[in-house]
file upload19.cif (mmCIF, C-alpha atoms)
data_my_file
#
loop_
_atom_site.label_atom_id
_atom_site.label_comp_id
_atom_site.auth_asym_id
_atom_site.auth_seq_id
_atom_site.Cartn_x
_atom_site.Cartn_y
_atom_site.Cartn_z
CA MET A 1470 -62.54 -37.19 7.08
CA TYR A 1471 -59.60 -36.03 4.97
CA GLU A 1472 -58.74 -32.37 4.74
CA THR A 1473 -55.86 -30.41 3.29
CA ILE A 1474 -53.85 -28.57 5.91
CA ARG A 1475 -50.42 -27.03 6.09
CA ARG A 1476 -47.49 -28.51 7.94
CA GLY A 1477 -46.93 -25.37 10.01
CA ASN A 1478 -46.47 -21.85 8.64
CA PRO A 1479 -43.26 -22.57 6.67
CA PHE A 1480 -44.96 -25.30 4.61
CA VAL A 1481 -47.08 -22.89 2.57
CA ASN A 1482 -46.60 -24.84 -0.65
CA GLN A 1483 -46.52 -28.34 0.83
CA GLN A 1484 -50.04 -29.61 1.34
CA VAL A 1485 -50.88 -33.16 2.38
CA GLN A 1486 -54.02 -35.09 3.18
CA GLN A 1487 -54.42 -35.44 6.94
CA THR A 1488 -56.99 -36.91 9.28
CA LEU A 1489 -57.84 -35.99 12.85
CA GLN A 1490 -55.95 -39.12 13.88
CA THR A 1491 -52.81 -37.64 12.34
CA LEU A 1492 -53.28 -34.66 14.65
CA GLY A 1493 -53.36 -36.98 17.68
CA TRP A 1494 -57.09 -37.69 17.92
CA ASN A 1495 -57.97 -40.92 19.72
CA GLU A 1496 -60.89 -42.82 21.20
CA ALA A 1497 -60.66 -41.09 24.59
CA PHE A 1498 -61.05 -37.65 23.00
CA ALA A 1499 -63.86 -38.98 20.80
CA ASN A 1500 -65.77 -40.19 23.86
CA HIS A 1501 -65.46 -36.76 25.51
CA PHE A 1502 -66.57 -35.09 22.30
CA ALA A 1503 -69.57 -37.37 21.65
CA PRO A 1504 -72.17 -35.17 23.46
CA TYR A 1505 -71.01 -32.13 21.47
CA ALA A 1506 -71.04 -34.06 18.20
CA GLU A 1507 -74.73 -34.83 18.76
CA GLN A 1508 -75.35 -31.08 18.93
CA GLY A 1509 -73.64 -30.49 15.59
CA TYR A 1510 -70.34 -29.06 16.84
CA SER A 1511 -66.95 -29.75 15.28
CA VAL A 1512 -63.53 -30.21 16.84
CA GLY A 1513 -60.08 -28.74 16.27
CA ARG A 1514 -56.61 -28.75 17.84
CA ILE A 1515 -54.91 -25.56 18.99
CA THR A 1516 -51.60 -24.97 17.19
CA LEU A 1517 -50.90 -21.37 18.22
CA GLU A 1518 -52.11 -18.86 20.81
CA HIS A 1519 -51.62 -15.12 20.54
CA LYS A 1520 -53.42 -12.79 22.96
CA ARG A 1521 -56.51 -15.01 23.18
CA ILE A 1522 -56.65 -15.47 19.41
CA TYR A 1523 -56.07 -19.10 18.48
CA ARG A 1524 -54.99 -20.88 15.34
CA LEU A 1525 -56.38 -24.39 15.09
CA LEU A 1526 -56.45 -27.35 12.74
CA GLY A 1527 -59.22 -29.85 12.19
CA GLU A 1528 -61.65 -31.29 9.71
CA HIS A 1529 -62.22 -27.82 8.23
CA GLY A 1530 -58.52 -27.10 7.74
CA GLU A 1531 -56.79 -24.16 9.41
CA LEU A 1532 -59.02 -21.64 11.21
CA LEU A 1533 -58.64 -18.68 13.55
CA GLY A 1534 -60.71 -19.05 16.71
CA GLU A 1535 -61.97 -16.97 19.61
CA VAL A 1536 -63.59 -18.24 22.80
CA THR A 1537 -67.23 -17.55 23.56
CA GLY A 1538 -68.29 -15.01 26.14
CA LYS A 1539 -69.75 -17.86 28.20
CA LEU A 1540 -66.43 -19.71 28.34
CA ARG A 1541 -64.67 -16.49 29.28
CA TYR A 1542 -67.25 -15.73 31.97
CA GLU A 1543 -67.08 -19.19 33.53
CA ALA A 1544 -63.28 -19.40 33.51
CA THR A 1545 -61.78 -19.19 36.99
CA GLY A 1546 -58.17 -18.89 35.77
CA ARG A 1547 -55.82 -19.17 32.82
CA GLU A 1548 -55.95 -22.95 33.02
CA ASP A 1549 -59.58 -22.86 31.83
CA TYR A 1550 -58.62 -21.26 28.53
CA PRO A 1551 -57.27 -23.22 25.54
CA ALA A 1552 -53.54 -23.92 25.40
CA VAL A 1553 -51.35 -25.10 22.55
CA GLY A 1554 -52.06 -28.79 22.02
CA ASP A 1555 -55.63 -28.65 23.35
CA TRP A 1556 -58.59 -30.18 21.53
CA VAL A 1557 -61.47 -27.69 21.48
CA VAL A 1558 -65.16 -27.79 20.60
CA ILE A 1559 -65.92 -25.30 17.83
CA SER A 1560 -68.56 -23.82 15.58
CA PRO A 1561 -66.63 -23.37 12.33
CA ARG A 1562 -67.23 -20.64 9.78
CA ALA A 1563 -65.23 -22.30 7.04
CA GLU A 1564 -65.95 -19.67 4.42
CA GLU A 1565 -64.41 -17.03 6.74
CA LYS A 1566 -61.60 -19.34 7.92
CA LYS A 1567 -62.76 -18.61 11.48
CA ALA A 1568 -64.32 -20.50 14.39
CA THR A 1569 -65.96 -19.92 17.75
CA ILE A 1570 -64.50 -21.99 20.61
CA HIS A 1571 -67.13 -23.27 23.04
CA ALA A 1572 -65.20 -25.68 25.28
CA VAL A 1573 -61.87 -27.37 25.94
CA LEU A 1574 -61.94 -31.17 25.97
CA PRO A 1575 -60.38 -32.87 29.04
CA ARG A 1576 -56.60 -33.05 28.73
CA LYS A 1577 -54.72 -36.35 28.86
CA SER A 1578 -51.57 -34.48 29.95
CA LYS A 1579 -50.39 -30.94 30.55
CA PHE A 1580 -47.00 -29.40 31.24
CA SER A 1581 -47.63 -26.54 33.67
CA ARG A 1582 -45.58 -24.01 35.56
CA LYS A 1583 -46.41 -21.11 37.84
CA ALA A 1584 -47.09 -18.04 35.72
CA ALA A 1585 -44.55 -15.25 35.96
CA GLY A 1586 -45.22 -12.54 38.52
CA ASP A 1587 -46.59 -12.47 42.05
CA ASN A 1588 -50.00 -13.96 41.27
CA VAL A 1589 -50.38 -17.67 42.03
CA GLU A 1590 -51.70 -18.86 38.70
CA GLU A 1591 -51.12 -21.91 36.53
CA GLN A 1592 -49.69 -21.44 33.06
CA ILE A 1593 -50.17 -24.43 30.78
CA VAL A 1594 -47.15 -24.56 28.49
CA ALA A 1595 -48.32 -27.52 26.39
CA ALA A 1596 -51.31 -29.87 26.50
CA ASN A 1597 -52.00 -33.45 25.35
CA VAL A 1598 -48.33 -34.30 25.01
CA ASP A 1599 -47.07 -37.89 24.77
CA THR A 1600 -43.36 -37.21 25.31
CA VAL A 1601 -41.49 -34.21 26.75
CA PHE A 1602 -38.02 -33.63 25.33
CA LEU A 1603 -36.09 -31.87 28.11
CA VAL A 1604 -33.32 -30.24 26.09
CA ASN A 1605 -30.12 -29.31 27.91
CA ALA A 1606 -26.98 -27.99 26.24
CA LEU A 1607 -23.60 -29.60 26.95
CA ASN A 1608 -21.81 -26.24 26.98
CA ASN A 1609 -21.03 -23.72 29.75
CA ASP A 1610 -24.75 -23.31 30.46
CA PHE A 1611 -25.14 -26.94 31.60
CA ASN A 1612 -27.08 -26.89 34.89
CA ILE A 1613 -28.02 -30.10 36.70
CA ARG A 1614 -30.20 -28.33 39.29
CA ARG A 1615 -32.29 -26.70 36.56
CA MET A 1616 -32.68 -30.13 35.02
CA GLU A 1617 -34.22 -31.41 38.26
CA ARG A 1618 -36.90 -28.70 38.04
CA TYR A 1619 -37.80 -29.68 34.51
CA LEU A 1620 -37.99 -33.34 35.52
CA ILE A 1621 -40.41 -32.56 38.36
CA LEU A 1622 -42.86 -30.81 36.05
CA ALA A 1623 -42.38 -33.38 33.29
CA TRP A 1624 -43.27 -36.27 35.63
CA GLU A 1625 -46.24 -34.31 36.93
CA SER A 1626 -47.50 -33.53 33.42
CA GLY A 1627 -48.57 -37.10 32.69
CA ALA A 1628 -46.27 -37.27 29.66
CA SER A 1629 -43.09 -39.36 29.46
CA PRO A 1630 -39.88 -37.37 30.02
CA VAL A 1631 -36.86 -37.85 27.77
CA ILE A 1632 -33.61 -35.93 28.31
CA VAL A 1633 -31.92 -34.66 25.16
CA LEU A 1634 -28.36 -33.44 25.71
CA SER A 1635 -27.66 -31.08 22.83
CA LYS A 1636 -24.50 -29.47 21.46
CA ALA A 1637 -22.42 -32.59 22.09
CA ASP A 1638 -19.75 -31.14 19.80
CA LEU A 1639 -19.07 -28.48 22.46
CA CYS A 1640 -18.51 -30.92 25.35
CA ASP A 1641 -14.98 -31.90 26.40
CA ASP A 1642 -15.97 -34.58 28.94
CA LEU A 1643 -19.16 -36.30 27.83
CA ASP A 1644 -18.76 -39.26 30.20
CA ALA A 1645 -18.68 -36.97 33.25
CA ARG A 1646 -21.77 -35.09 32.09
CA MET A 1647 -23.61 -38.36 31.46
CA ARG A 1648 -22.83 -39.56 34.98
CA GLU A 1649 -24.24 -36.33 36.41
CA VAL A 1650 -27.43 -36.61 34.39
CA GLU A 1651 -27.97 -40.30 35.11
CA SER A 1652 -27.58 -39.63 38.85
CA ILE A 1653 -30.70 -37.42 38.85
CA ALA A 1654 -32.69 -38.92 35.96
CA ILE A 1655 -33.23 -42.44 37.22
CA GLY A 1656 -35.10 -44.52 34.64
CA VAL A 1657 -35.36 -41.62 32.18
CA PRO A 1658 -34.03 -42.16 28.61
CA VAL A 1659 -31.05 -39.91 27.83
CA HIS A 1660 -29.97 -39.11 24.27
CA VAL A 1661 -26.89 -37.17 23.21
CA VAL A 1662 -27.19 -35.17 20.00
CA SER A 1663 -25.42 -32.52 17.97
CA ALA A 1664 -28.02 -30.97 15.71
CA GLU A 1665 -25.40 -28.87 13.93
CA GLN A 1666 -23.41 -31.99 13.08
CA GLY A 1667 -26.50 -34.15 12.51
CA GLU A 1668 -25.34 -36.65 15.13
CA GLY A 1669 -27.66 -38.70 17.36
CA LEU A 1670 -30.89 -37.50 15.70
CA GLU A 1671 -31.79 -41.02 14.55
CA GLU A 1672 -32.21 -41.99 18.22
CA LEU A 1673 -35.15 -39.58 18.46
CA ALA A 1674 -37.05 -41.05 15.51
CA PRO A 1675 -39.03 -43.65 17.54
CA TYR A 1676 -40.72 -40.83 19.48
CA LEU A 1677 -41.84 -39.03 16.32
CA SER A 1678 -44.32 -41.54 14.91
CA GLU A 1679 -47.59 -40.45 13.32
CA GLY A 1680 -50.10 -38.85 15.67
CA LYS A 1681 -47.67 -38.65 18.61
CA THR A 1682 -47.03 -35.26 20.19
CA ILE A 1683 -43.65 -34.19 21.54
CA ALA A 1684 -43.01 -30.96 23.45
CA LEU A 1685 -39.58 -29.33 23.46
CA MET A 1686 -38.69 -27.76 26.82
CA GLY A 1687 -35.49 -26.02 27.82
CA SER A 1688 -33.77 -22.73 28.43
CA SER A 1689 -32.90 -20.20 25.76
CA GLY A 1690 -29.88 -21.19 23.70
CA VAL A 1691 -30.00 -24.94 24.33
CA GLY A 1692 -30.71 -25.62 20.66
CA LYS A 1693 -34.46 -26.31 20.55
CA SER A 1694 -35.01 -24.31 17.36
CA THR A 1695 -32.01 -25.90 15.64
CA LEU A 1696 -33.27 -29.33 16.67
CA ILE A 1697 -36.78 -28.79 15.29
CA ASN A 1698 -35.29 -27.44 12.03
CA LYS A 1699 -33.18 -30.58 11.63
CA LEU A 1700 -36.06 -32.92 12.45
CA SER A 1701 -38.39 -31.13 10.04
CA GLY A 1702 -35.83 -30.81 7.25
CA THR A 1703 -36.47 -27.10 6.82
CA ASP A 1704 -35.89 -23.78 8.61
CA MET A 1705 -39.16 -23.71 10.53
CA GLN A 1706 -37.77 -21.72 13.44
CA LYS A 1707 -35.41 -18.76 13.61
CA VAL A 1708 -32.05 -19.48 15.25
CA SER A 1709 -29.84 -17.02 17.17
CA GLU A 1710 -26.30 -17.29 18.47
CA VAL A 1711 -25.71 -17.68 22.22
CA ARG A 1712 -23.99 -14.93 24.19
CA GLU A 1713 -20.25 -15.04 24.43
CA GLY A 1714 -18.78 -15.80 27.85
CA ASP A 1715 -21.56 -17.79 29.48
CA ASP A 1716 -23.17 -19.58 26.49
CA ARG A 1717 -26.60 -18.37 27.54
CA GLY A 1718 -29.07 -17.98 24.74
CA ARG A 1719 -31.24 -15.18 23.47
CA HIS A 1720 -34.99 -15.71 23.21
CA THR A 1721 -35.43 -16.80 19.59
CA THR A 1722 -38.77 -18.57 19.96
CA THR A 1723 -41.28 -16.04 21.32
CA HIS A 1724 -44.44 -18.16 21.45
CA ARG A 1725 -45.60 -21.75 21.76
CA GLU A 1726 -46.53 -23.43 18.50
CA LEU A 1727 -47.44 -26.92 17.31
CA PHE A 1728 -45.89 -28.17 14.07
CA LEU A 1729 -46.49 -31.24 11.93
CA LEU A 1730 -43.28 -33.09 11.08
CA PRO A 1731 -42.59 -35.02 7.88
CA SER A 1732 -42.56 -38.24 9.95
CA GLY A 1733 -46.21 -37.65 10.87
CA GLY A 1734 -45.39 -36.72 14.44
CA LEU A 1735 -46.30 -33.40 16.02
CA MET A 1736 -43.92 -31.14 17.90
CA ILE A 1737 -44.63 -28.21 20.21
CA ASP A 1738 -41.80 -25.68 20.36
CA THR A 1739 -41.74 -23.39 23.39
CA PRO A 1740 -39.86 -20.21 24.36
CA GLY A 1741 -36.86 -20.65 26.63
CA MET A 1742 -37.73 -20.78 30.33
CA ARG A 1743 -34.74 -19.86 32.47
CA GLU A 1744 -36.89 -19.04 35.51
CA LEU A 1745 -38.95 -22.20 35.79
CA GLN A 1746 -41.24 -21.80 38.79
CA LEU A 1747 -42.85 -24.99 40.01
CA TRP A 1748 -46.57 -25.68 39.99
CA GLU A 1749 -48.49 -28.45 41.79
CA ALA A 1750 -46.10 -31.39 41.65
CA ASP A 1751 -46.77 -34.09 44.23
CA GLU A 1752 -46.32 -37.06 41.91
CA GLY A 1753 -43.72 -35.22 39.87
CA PHE A 1754 -41.64 -34.45 42.95
CA ARG A 1755 -41.64 -38.08 44.03
CA GLY A 1756 -40.78 -39.18 40.50
CA ALA A 1757 -37.88 -36.75 40.17
CA PHE A 1758 -36.46 -37.63 43.59
CA ASP A 1759 -37.33 -41.31 43.67
CA ASP A 1760 -33.85 -42.21 44.97
CA ILE A 1761 -34.22 -40.00 48.07
CA GLU A 1762 -37.86 -40.99 48.60
CA THR A 1763 -36.87 -44.68 48.46
CA LEU A 1764 -34.00 -44.13 50.92
CA GLY A 1765 -36.44 -42.38 53.28
CA GLN A 1766 -38.50 -45.55 53.53
CA SER A 1767 -35.54 -47.22 55.25
CA CYS A 1768 -35.21 -44.56 57.95
CA ARG A 1769 -35.81 -45.72 61.53
CA PHE A 1770 -38.68 -43.27 62.01
CA GLY A 1771 -41.57 -42.97 59.55
CA ASP A 1772 -41.71 -39.17 59.96
CA CYS A 1773 -37.95 -38.69 59.63
CA GLN A 1774 -37.04 -35.21 58.41
CA HIS A 1775 -33.52 -36.35 57.46
CA MET A 1776 -31.90 -33.79 59.73
CA ARG A 1777 -30.50 -35.12 63.00
CA GLU A 1778 -32.71 -38.13 63.68
CA PRO A 1779 -30.91 -41.38 64.57
CA GLY A 1780 -31.10 -44.17 62.01
CA CYS A 1781 -31.62 -41.80 59.06
CA ALA A 1782 -30.88 -43.74 55.87
CA VAL A 1783 -30.66 -40.51 53.84
CA ARG A 1784 -27.96 -39.02 56.08
CA GLU A 1785 -26.07 -42.30 56.03
CA ALA A 1786 -26.15 -42.27 52.21
CA ILE A 1787 -24.74 -38.73 52.18
CA GLU A 1788 -21.97 -39.74 54.58
CA ASP A 1789 -20.93 -42.81 52.59
CA GLY A 1790 -21.02 -40.84 49.31
CA SER A 1791 -23.82 -42.79 47.61
CA LEU A 1792 -26.00 -39.64 47.67
CA GLU A 1793 -24.62 -36.22 46.78
CA LYS A 1794 -25.26 -33.56 49.42
CA ALA A 1795 -25.97 -31.02 46.65
CA ARG A 1796 -28.82 -33.21 45.38
CA PHE A 1797 -30.27 -33.54 48.89
CA ASP A 1798 -30.00 -29.76 49.41
CA SER A 1799 -31.88 -29.29 46.13
CA TYR A 1800 -34.50 -31.78 47.33
CA LEU A 1801 -35.07 -29.73 50.51
CA LYS A 1802 -35.12 -26.42 48.64
CA LEU A 1803 -37.70 -27.57 46.08
CA GLN A 1804 -39.76 -29.20 48.83
CA ARG A 1805 -39.93 -25.86 50.67
CA GLU A 1806 -40.81 -24.06 47.43
CA LEU A 1807 -43.72 -26.42 46.77
CA ALA A 1808 -44.98 -26.09 50.36
CA HIS A 1809 -44.93 -22.30 50.06
CA LEU A 1810 -46.76 -22.47 46.74
CA ALA A 1811 -49.39 -24.80 48.23
CA ARG A 1812 -50.16 -22.29 50.99
CA LYS A 1813 -50.60 -19.48 48.47
CA GLU A 1814 -52.66 -21.76 46.20
CA ASP A 1815 -55.06 -22.55 49.07
CA ALA A 1816 -55.74 -18.84 49.47
CA ARG A 1817 -56.28 -18.47 45.72
CA LEU A 1818 -58.73 -21.38 45.62
CA GLN A 1819 -60.73 -19.90 48.48
CA ALA A 1820 -60.96 -16.60 46.61
CA ALA A 1821 -61.95 -18.41 43.39
CA GLU A 1822 -64.68 -20.34 45.23
CA LYS A 1823 -66.02 -17.11 46.68
CA ASP A 1824 -66.01 -15.50 43.23
CA LYS A 1825 -67.81 -18.53 41.73
CA TRP A 1826 -70.68 -18.29 44.21
CA LYS A 1827 -70.88 -14.56 43.65
CA LYS A 1828 -71.42 -15.23 39.93
CA ILE A 1829 -74.05 -17.89 40.72
CA ASN A 1830 -75.93 -15.47 42.99
CA VAL A 1831 -75.87 -12.81 40.27
CA GLN A 1832 -77.29 -15.28 37.74
CA MET A 1833 -80.03 -16.36 40.18
CA ARG A 1834 -81.07 -12.75 40.79
CA GLN A 1835 -81.15 -12.10 37.04
CA ARG A 1836 -83.39 -15.12 36.45
CA LYS A 1837 -85.75 -14.34 39.32
CA PRO A 1838 -89.06 -13.06 37.85
CA LYS A 1839 -89.95 -9.48 38.65
CA ARG A 1840 -93.16 -8.86 40.55
#
call {"tool": "encode", "arguments": {"input": "upload19.cif", "output": "structure tokens"}}
result
Amino acid sequence: MYETIRRGNPFVNQQVQQTLQTLGWNEAFANHFAPYAEQGYSVGRITLEHKRIYRLLGEHGELLGEVTGKLRYEATGREDYPAVGDWVVISPRAEEKKATIHAVLPRKSKFSRKAAGDNVEEQIVAANVDTVFLVNALNNDFNIRRMERYLILAWESGASPVIVLSKADLCDDLDARMREVESIAIGVPVHVVSAEQGEGLEELAPYLSEGKTIALMGSSGVGKSTLINKLSGTDMQKVSEVREGDDRGRHTTTHRELFLLPSGGLMIDTPGMRELQLWEADEGFRGAFDDIETLGQSCRFGDCQHMREPGCAVREAIEDGSLEKARFDSYLKLQRELAHLARKEDARLQAAEKDKWKKINVQMRQRKPKR
């Protein structure tokens, strides 16, 4: 099933033979797709989304796709629409370079956040990712608390988190920064790189093997675009200078896009997310704060709130300096944020359930024969 496809938009003149496996296809996806295959449908992977118009790659090469009216009607939220990295069921019109998208195959992983605004809605940043590169710059914009947020959502996504500390050439005390990161990223691989200097990039190579998908996450100005340009060997993404004074970046990348790398790996670049609002993150929260959760198991009382209860192992750790109070304060703050989100999400789900039954009742009335 070989087809000629481009390695992202910049590779207009570089065409290579690819298979679905090169795009990350595996047996699990094939099993989900089997019923559709029997009906004559094809499959493709979303590489770009722009106002509900999708670019996808598959056995028919590169196509532009739109979802069916049925899929749009049955969707209860943004999470039901395709996202970059998704595998979708399509009816291709190869001669037109277009396709109709009928369904989204079950995702093996998804990096989600709460969508911007007051509405409680999930925004899927990247789907079917194997590894999440959490990119953080070692300049004046270094923020350990922001890193904790990214770790929560990375653990929850189902992908493996890896911390990439960029702009090492701008850091005066690397050892101190490493100690800070290692104190909150227990068991998470940490790599220090300087994309501008070409240093440390070889450490990332094992993650970029053929068919594996990596998502780049981080704030504006941390060097994601520079990193993807270095790993691809070409200027795939536009790069802007950071602001003077605070080293905060401008939004260079304006949309999520999946690229094929020369190594055979796939990389999803994402716009900078300075305001990263949490989404459902039970497992992710425990994974990101495993040190505090483990300490809590040694508290005298099983329902210890780690406030003023006697025999609190967490408070004892803060007092003896083995646990930073700032990290515990962050733990409490994010815990409250997730609890507040859960209450709002319950209300949204109730409204969605009501809307679903309203649609079912409308369909039943439409199908009822007239007398």
call {"tool": "resolve_selection", "arguments": {"input": "upload19.cif", "expression": "the PyMOL selection byres ((chain A and resi 1665) around 10)", "output": "ChimeraX atom specification"}}
result
/A:1635-1638,1662-1664,1666-1668,1692,1695-1696,1699
call {"tool": "closest_residue", "arguments": {"input": "upload19.cif", "among": "A:Ala1595, A:Leu1730, A:Ile1697, A:Leu1622", "to": "Glu1679 of chain A", "atoms": "only C-alpha atoms"}}
result
A:Leu1730
call {"tool": "atom_distance", "arguments": {"input": "upload19.cif", "atom1": "atom CA of Ala1606 of chain A", "atom2": "atom CA of Thr1682 of chain A"}}
result
22.2 Å
call {"tool": "resolve_selection", "arguments": {"input": "upload19.cif", "expression": "the PyMOL selection byres ((chain A and resi 1557-1572) around 10)", "output": "MDAnalysis selection string"}}
result
chainID A and resid 1502 1505:1506 1509:1515 1523:1525 1527:1541 1549:1552 1554:1556 1573:1575
call {"tool": "resolve_selection", "arguments": {"input": "upload19.cif", "expression": "the PyMOL selection byres ((chain A and resi 1786-1790) around 12)", "output": "number ranges by chain"}}
result
A: 1760-1761, 1763-1765, 1767-1768, 1775-1776, 1780-1785, 1791-1798
call {"tool": "closest_residue", "arguments": {"input": "upload19.cif", "among": "A:Leu1670, A:Ala1499, A:Cys1640, A:Val1601", "to": "Met1736 of chain A", "atoms": "only C-alpha atoms"}}
result
A:Val1601
call {"tool": "atom_distance", "arguments": {"input": "upload19.cif", "atom1": "atom CA of Thr1516 of chain A", "atom2": "atom CA of Thr1491 of chain A"}}
result
13.6 Å
call {"tool": "closest_residue", "arguments": {"input": "upload19.cif", "among": "A:Leu1526, A:Ile1737, A:Leu1729, A:Ile1593", "to": "Ser1678 of chain A", "atoms": "all atoms listed in the file"}}
result
A:Leu1729
call {"tool": "closest_residue", "arguments": {"input": "upload19.cif", "among": "A:Gln1490, A:Gln1804, A:Ser1581, A:Ser1694", "to": "Lys1681 of chain A", "atoms": "all atoms listed in the file"}}
result
A:Gln1490
call {"tool": "closest_residue", "arguments": {"input": "upload19.cif", "among": "A:Val1659, A:Ser1578, A:Leu1639, A:Arg1648", "to": "Glu1672 of chain A", "atoms": "only C-alpha atoms"}}
result
A:Val1659
call {"tool": "atom_distance", "arguments": {"input": "upload19.cif", "atom1": "atom CA of Phe1728 of chain A", "atom2": "atom CA of Ser1701 of chain A"}}
result
9.0 Å
call {"tool": "residues_around", "arguments": {"input": "upload19.cif", "residues": "Ile1683 of chain A", "least_positions_apart": "2", "cutoff": "9 Å", "atoms": "all atoms listed in the file", "output": "PyMOL selection string"}}
result
chain A and resi 1598-1602+1676-1677+1681+1685+1734-1738
call {"tool": "write_last_selection", "arguments": {"input": "upload19.cif", "atoms": "C-alpha atoms", "output": "mmCIF file, in the coordinates of the input"}}
result
data_model
loop_
_atom_site.group_PDB
_atom_site.id
_atom_site.type_symbol
_atom_site.label_atom_id
_atom_site.label_comp_id
_atom_site.auth_asym_id
_atom_site.auth_seq_id
_atom_site.Cartn_x
_atom_site.Cartn_y
_atom_site.Cartn_z
ATOM 1 C CA VAL A 1598 -48.330 -34.300 25.010
ATOM 2 C CA ASP A 1599 -47.070 -37.890 24.770
ATOM 3 C CA THR A 1600 -43.360 -37.210 25.310
ATOM 4 C CA VAL A 1601 -41.490 -34.210 26.750
ATOM 5 C CA PHE A 1602 -38.020 -33.630 25.330
ATOM 6 C CA TYR A 1676 -40.720 -40.830 19.480
ATOM 7 C CA LEU A 1677 -41.840 -39.030 16.320
ATOM 8 C CA LYS A 1681 -47.670 -38.650 18.610
ATOM 9 C CA LEU A 1685 -39.580 -29.330 23.460
ATOM 10 C CA GLY A 1734 -45.390 -36.720 14.440
ATOM 11 C CA LEU A 1735 -46.300 -33.400 16.020
ATOM 12 C CA MET A 1736 -43.920 -31.140 17.900
ATOM 13 C CA ILE A 1737 -44.630 -28.210 20.210
ATOM 14 C CA ASP A 1738 -41.800 -25.680 20.360
#
call {"tool": "decode", "arguments": {"input": "upload19.cif", "residues": "segment 1677-1681 of chain A", "atoms": "all heavy atoms", "output": "mmCIF file, in the first residue's frame"}}
result
data_model
loop_
_atom_site.group_PDB
_atom_site.id
_atom_site.type_symbol
_atom_site.label_atom_id
_atom_site.label_comp_id
_atom_site.auth_asym_id
_atom_site.auth_seq_id
_atom_site.Cartn_x
_atom_site.Cartn_y
_atom_site.Cartn_z
ATOM 1 N N LEU A 1677 12.389 9.443 17.979
ATOM 2 C CA LEU A 1677 11.946 9.854 16.650
ATOM 3 C C LEU A 1677 11.991 8.727 15.628
ATOM 4 O O LEU A 1677 12.126 8.972 14.434
ATOM 5 C CB LEU A 1677 12.825 11.014 16.151
ATOM 6 C CG LEU A 1677 12.994 12.198 17.106
ATOM 7 C CD1 LEU A 1677 13.943 13.220 16.519
ATOM 8 C CD2 LEU A 1677 11.647 12.835 17.420
ATOM 9 N N SER A 1678 11.853 7.495 16.073
ATOM 10 C CA SER A 1678 11.923 6.359 15.151
ATOM 11 C C SER A 1678 10.684 6.289 14.265
ATOM 12 O O SER A 1678 9.651 6.919 14.545
ATOM 13 C CB SER A 1678 12.083 5.050 15.931
ATOM 14 O OG SER A 1678 11.022 4.874 16.844
ATOM 15 N N GLU A 1679 10.775 5.532 13.198
ATOM 16 C CA GLU A 1679 9.726 5.473 12.183
ATOM 17 C C GLU A 1679 8.366 5.077 12.762
ATOM 18 O O GLU A 1679 8.253 4.112 13.512
ATOM 19 C CB GLU A 1679 10.108 4.479 11.089
ATOM 20 C CG GLU A 1679 9.123 4.457 9.931
ATOM 21 C CD GLU A 1679 9.605 3.607 8.786
ATOM 22 O OE1 GLU A 1679 10.358 4.124 7.936
ATOM 23 O OE2 GLU A 1679 9.236 2.417 8.740
ATOM 24 N N GLY A 1680 7.349 5.841 12.406
ATOM 25 C CA GLY A 1680 5.989 5.552 12.825
ATOM 26 C C GLY A 1680 5.625 6.052 14.207
ATOM 27 O O GLY A 1680 4.465 5.969 14.612
ATOM 28 N N LYS A 1681 6.579 6.591 14.955
ATOM 29 C CA LYS A 1681 6.314 7.111 16.292
ATOM 30 C C LYS A 1681 5.955 8.588 16.210
ATOM 31 O O LYS A 1681 6.553 9.355 15.454
ATOM 32 C CB LYS A 1681 7.532 6.927 17.202
ATOM 33 C CG LYS A 1681 7.894 5.463 17.459
ATOM 34 C CD LYS A 1681 6.748 4.735 18.169
ATOM 35 C CE LYS A 1681 7.103 3.288 18.474
ATOM 36 N NZ LYS A 1681 5.980 2.566 19.122
#
